[in-house]
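Undergrad: For reference, the structure I am asking about is given below.
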Amino acid sequence: MFVAVDPLGPPFQATRTWRHVAADPRDTLIVTVLTRGRARFQQAGRDHVATAGELTLLDATRPYDLELPDPFGVRHFQFNKADLGLAERDLAGLLGEPILRHHPLTAVLPRLMAQLSAPPPVLAPDPRARLAEDVTTVLGSLLGEAINTVTQPDAARRALMIRIRAFMAANLGSNELTPSAIAAQHRISVRYLHQLFAAEELTAARTIQDARLRWSRRLLAEGRLTITDVAHTTGFVSGAHFSRAFRDAYDMTPREWRHSATANEASHGLPSRHEGGARQR
């Protein structure tokens with residue numbers, strides 16, 4: 001977990017673009033705690049103005065805008081998503097919004113985080129590491145509670161969506177994975193499939209393509225495969241189709257993404273995968 005403490009400061013604005021994500025592709029979730037002032041968060045189509053004391057989530061693997069229009073105090077905490085033990089699709093529903101304002105854990109968590117952000121002499125390394133684990137556990141519990149408060153479809157529909165998403169993940173590399181194929185596999189109509197995804201403000205085709213693009217980003221950063229091989233591995237029908245979709249989604253070509261990720265490794269003195277190193281996420 002990474003902790004950044006910003007003292008009281010003047011107005012501030014920051015934008016994270018797909019190019020920034022390419023240069024720093026760590027799979028992290030940012031928890032922001034305002035100690036003074038206001039902050040405007042924009043991510044995943046949501047626009048929220050937070051006030052002092054609120055906890056807000058941002059996903060470092062997606063673009064976002066952050067604006068602090070007044071003098072402010074803020075703490076940022078970055079957590080590996082995998083450590084939280086929560087599904088990506090559930091976390092996505094919480095982005096850019098305050099976490100349960102009146103939940104008891106919402107009051108406890110900032111105090112624990114404040115101890116982590118204290119100067120080193122306050123906590124020795126080992127207690128600090130144990131506290132970081134406790135904070136991660138508390139955050140995971142709090143987010144789990146927040147996810148349960150989000151309106152969900154009925155149990156049968158949700159169970160069906162879980163099976164559909166599992167099938168999509170298992171067959172993502174096949175260019176025959178289409179809405180028609182998914183509907184046939186689950187013995188439902190294509191129209192009903194579209195209704196299931198529409199209930200989550202998604203489309204089946206876009207969900208498939210977004211998952212393929214996220215997978216391709218990881219493969220491009222690893223550098224083991226050619227761009228054409230990445231396209232075929234992730235289920236695109238051709239390299240040209242892949243390049244167009246990638247550029248439309250991230251405003252940069254696959255080659256530019258790979259260059260940004262490689263340059264980031266080099267600037268940190270990290271060996272690339274084909275040199276035998278392993279990227280830390």
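In the structure tokens, each chain is lettered A, B, ... as it comes, each chain's residues begin at 1, and ligands are numbered from 1 in order of appearance.
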Pick out the residues sitting within 10 Å of Thr51 in chain A, and hand them over as a list of chain:residue names; count only C-alpha atoms, and ignore anything fewer than 4 positions along from it in its own chain.
TA: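 Within the cut-off, the hits are A:Val33, A:Leu34, A:Thr35, A:Arg36, A:Gly37, A:Arg38, A:Ala39, A:Arg40, A:Leu55, A:Thr56, A:Pro98.
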Undergrad: So that I can check the surroundings of Thr137 in chain A, please list as a compact mmCIF listing (two decimals) with C-alpha atoms, in the first residue's frame every protein, DNA and RNA residue that reaches within 9 Å of it, counting only C-alpha atoms and ignoring chain neighbours fewer than 5 positions away.
TA:
```txt
# COMPACT_ATOMS: atom_id res chain seq x y z
CA ASP A 83 -5.63 -7.54 -1.87
CA LEU A 84 -9.20 -6.36 -1.36
CA ALA A 132 -1.38 -1.61 6.70
CA LEU A 142 -16.40 -1.44 4.13
```
Undergrad: Would you kindly return, as a VMD selection string, each protein, DNA or RNA residue with an atom no farther than 8 Å from any atom of range 19-22 of chain A, considering only C-alpha atoms and excluding same-chain residues fewer than 5 positions away?
TA: chain A and resid 60 to 63 217 250 252 257 to 258 260 to 261
Undergrad: Could you pull the residues within 12 Å of Tyr192 in chain A, counting only C-alpha atoms, minus those fewer than 2 positions along the same chain, as a PyMOL selection string?
TA: chain A and resi 157+160-161+179-180+182-184+186-190+194-199+203-204
Undergrad: Suppose we keep all heavy atoms; can you now write the selection as a compact mmCIF listing (two decimals), in the first residue's frame?
TA:
```txt
# COMPACT_ATOMS: atom_id res chain seq x y z
N ARG A 157 -31.48 -13.44 -11.83
CA ARG A 157 -30.83 -12.66 -12.89
C ARG A 157 -29.36 -12.44 -12.58
O ARG A 157 -28.51 -12.54 -13.45
CB ARG A 157 -31.55 -11.32 -13.07
CG ARG A 157 -30.92 -10.45 -14.14
CD ARG A 157 -31.66 -9.15 -14.31
NE ARG A 157 -33.02 -9.35 -14.79
CZ ARG A 157 -33.82 -8.37 -15.16
NH1 ARG A 157 -33.42 -7.11 -15.07
NH2 ARG A 157 -35.04 -8.63 -15.59
N LEU A 160 -27.41 -15.57 -13.23
CA LEU A 160 -27.23 -15.75 -14.67
C LEU A 160 -26.10 -14.86 -15.18
O LEU A 160 -25.27 -15.29 -15.99
CB LEU A 160 -28.53 -15.46 -15.41
CG LEU A 160 -28.48 -15.53 -16.94
CD1 LEU A 160 -28.00 -16.90 -17.41
CD2 LEU A 160 -29.85 -15.20 -17.53
N MET A 161 -26.05 -13.61 -14.73
CA MET A 161 -25.00 -12.70 -15.16
C MET A 161 -23.62 -13.18 -14.72
O MET A 161 -22.64 -13.03 -15.45
CB MET A 161 -25.26 -11.29 -14.63
CG MET A 161 -26.31 -10.52 -15.40
SD MET A 161 -25.83 -10.26 -17.15
CE MET A 161 -24.50 -9.06 -16.96
N PRO A 179 -22.40 -11.82 -28.92
CA PRO A 179 -23.65 -11.87 -28.17
C PRO A 179 -24.52 -13.06 -28.56
O PRO A 179 -25.14 -13.70 -27.70
CB PRO A 179 -24.32 -10.54 -28.53
CG PRO A 179 -23.17 -9.61 -28.75
CD PRO A 179 -22.13 -10.46 -29.44
N SER A 180 -24.55 -13.39 -29.85
CA SER A 180 -25.36 -14.54 -30.29
C SER A 180 -24.85 -15.83 -29.70
O SER A 180 -25.63 -16.69 -29.25
CB SER A 180 -25.35 -14.63 -31.82
OG SER A 180 -25.96 -13.50 -32.40
N ILE A 182 -23.10 -16.18 -26.92
CA ILE A 182 -23.34 -16.17 -25.48
C ILE A 182 -24.80 -16.52 -25.19
O ILE A 182 -25.09 -17.33 -24.30
CB ILE A 182 -23.00 -14.79 -24.90
CG1 ILE A 182 -21.51 -14.50 -25.05
CG2 ILE A 182 -23.41 -14.71 -23.43
CD1 ILE A 182 -21.13 -13.08 -24.72
N ALA A 183 -25.71 -15.94 -25.95
CA ALA A 183 -27.13 -16.22 -25.75
C ALA A 183 -27.43 -17.70 -26.00
O ALA A 183 -28.16 -18.34 -25.23
CB ALA A 183 -27.96 -15.34 -26.66
N ALA A 184 -26.87 -18.24 -27.07
CA ALA A 184 -27.11 -19.65 -27.39
C ALA A 184 -26.58 -20.57 -26.30
O ALA A 184 -27.22 -21.55 -25.92
CB ALA A 184 -26.46 -19.99 -28.73
N HIS A 186 -26.33 -20.02 -23.18
CA HIS A 186 -27.11 -19.93 -21.95
C HIS A 186 -28.62 -20.08 -22.19
O HIS A 186 -29.42 -19.84 -21.30
CB HIS A 186 -26.81 -18.60 -21.25
CG HIS A 186 -25.39 -18.51 -20.75
ND1 HIS A 186 -24.35 -18.09 -21.55
CD2 HIS A 186 -24.85 -18.85 -19.55
CE1 HIS A 186 -23.23 -18.14 -20.86
NE2 HIS A 186 -23.50 -18.61 -19.65
N ARG A 187 -28.96 -20.45 -23.43
CA ARG A 187 -30.35 -20.77 -23.79
C ARG A 187 -31.29 -19.60 -23.49
O ARG A 187 -32.37 -19.76 -22.91
CB ARG A 187 -30.81 -22.03 -23.07
CG ARG A 187 -29.98 -23.25 -23.45
CD ARG A 187 -30.47 -24.51 -22.79
NE ARG A 187 -29.68 -25.66 -23.17
CZ ARG A 187 -29.88 -26.90 -22.76
NH1 ARG A 187 -30.89 -27.15 -21.93
NH2 ARG A 187 -29.10 -27.88 -23.14
N ILE A 188 -30.85 -18.42 -23.87
CA ILE A 188 -31.70 -17.24 -23.76
C ILE A 188 -31.67 -16.53 -25.12
O ILE A 188 -30.82 -16.81 -25.97
CB ILE A 188 -31.20 -16.27 -22.67
CG1 ILE A 188 -29.77 -15.82 -22.96
CG2 ILE A 188 -31.31 -16.91 -21.29
CD1 ILE A 188 -29.23 -14.79 -21.97
N SER A 189 -32.59 -15.61 -25.31
CA SER A 189 -32.60 -14.87 -26.57
C SER A 189 -31.55 -13.76 -26.54
O SER A 189 -31.14 -13.30 -25.46
CB SER A 189 -33.98 -14.25 -26.81
OG SER A 189 -34.23 -13.22 -25.87
N VAL A 190 -31.12 -13.36 -27.72
CA VAL A 190 -30.17 -12.25 -27.80
C VAL A 190 -30.81 -10.99 -27.22
O VAL A 190 -30.14 -10.19 -26.54
CB VAL A 190 -29.74 -12.00 -29.27
CG1 VAL A 190 -28.86 -10.77 -29.37
CG2 VAL A 190 -29.01 -13.23 -29.80
N HIS A 194 -29.29 -8.67 -24.16
CA HIS A 194 -29.09 -7.22 -24.21
C HIS A 194 -29.81 -6.53 -23.04
O HIS A 194 -29.29 -5.55 -22.49
CB HIS A 194 -29.61 -6.66 -25.54
CG HIS A 194 -28.76 -7.05 -26.71
ND1 HIS A 194 -27.38 -7.13 -26.65
CD2 HIS A 194 -29.10 -7.39 -27.99
CE1 HIS A 194 -26.90 -7.49 -27.83
NE2 HIS A 194 -27.93 -7.65 -28.66
N GLN A 195 -30.96 -7.05 -22.65
CA GLN A 195 -31.68 -6.48 -21.52
C GLN A 195 -30.89 -6.65 -20.21
O GLN A 195 -30.86 -5.74 -19.37
CB GLN A 195 -33.05 -7.13 -21.38
CG GLN A 195 -34.03 -6.75 -22.48
CD GLN A 195 -35.35 -7.50 -22.37
OE1 GLN A 195 -35.50 -8.41 -21.56
NE2 GLN A 195 -36.32 -7.12 -23.19
N LEU A 196 -30.25 -7.80 -20.06
CA LEU A 196 -29.44 -8.05 -18.86
C LEU A 196 -28.31 -7.02 -18.74
O LEU A 196 -28.07 -6.47 -17.66
CB LEU A 196 -28.85 -9.46 -18.90
CG LEU A 196 -29.82 -10.63 -18.71
CD1 LEU A 196 -29.11 -11.95 -18.97
CD2 LEU A 196 -30.42 -10.60 -17.31
N PHE A 197 -27.63 -6.78 -19.84
CA PHE A 197 -26.52 -5.83 -19.81
C PHE A 197 -27.02 -4.39 -19.71
O PHE A 197 -26.39 -3.55 -19.06
CB PHE A 197 -25.62 -6.02 -21.03
CG PHE A 197 -24.65 -7.14 -20.89
CD1 PHE A 197 -25.00 -8.43 -21.28
CD2 PHE A 197 -23.40 -6.93 -20.33
CE1 PHE A 197 -24.11 -9.48 -21.14
CE2 PHE A 197 -22.49 -7.98 -20.18
CZ PHE A 197 -22.85 -9.25 -20.59
N ALA A 198 -28.15 -4.11 -20.34
CA ALA A 198 -28.72 -2.76 -20.27
C ALA A 198 -29.08 -2.39 -18.84
O ALA A 198 -28.99 -1.22 -18.45
CB ALA A 198 -29.95 -2.66 -21.17
N ALA A 199 -29.46 -3.38 -18.04
CA ALA A 199 -29.78 -3.12 -16.64
C ALA A 199 -28.57 -2.63 -15.87
O ALA A 199 -28.70 -1.97 -14.82
CB ALA A 199 -30.33 -4.40 -15.99
N THR A 203 -23.43 -2.85 -22.68
CA THR A 203 -23.84 -3.71 -23.78
C THR A 203 -22.92 -4.92 -23.77
O THR A 203 -21.77 -4.84 -23.33
CB THR A 203 -23.74 -3.00 -25.15
OG1 THR A 203 -22.35 -2.77 -25.46
CG2 THR A 203 -24.50 -1.68 -25.15
N ALA A 204 -23.42 -6.03 -24.28
CA ALA A 204 -22.61 -7.25 -24.30
C ALA A 204 -21.39 -7.07 -25.18
O ALA A 204 -20.26 -7.43 -24.80
CB ALA A 204 -23.46 -8.43 -24.78
```
Undergrad: What lies within 10 Å of Val230 in chain A using only C-alpha atoms, ignoring chain neighbours under 2 positions off, as a list in words?
TA: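 The residues that qualify are Gly173, Arg212, Leu213, Trp215, Ser216, Arg217, Arg218, Leu219, Leu220, Gly223, Arg224, Leu225, Thr226, Ile227, Thr228, His232, Thr233, Thr234, Gly235, Phe236, Gly239, Phe242 and Pro254 of chain A.
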Undergrad: Just the number, please: distance in Å from CA of Asp24 in chain A to CA of Leu95 in chain A, one decimal.
TA: 19.2 Å
Undergrad: If you run DSSP on the backbone here, which positions in range 53-223 of chain A get helix (DSSP H, G or I)? Please write them as a PyMOL selection string.
TA: chain A and resi 81-84+88-92+104-116+120-122+125-149+155-170+179-185+190-198+204-222
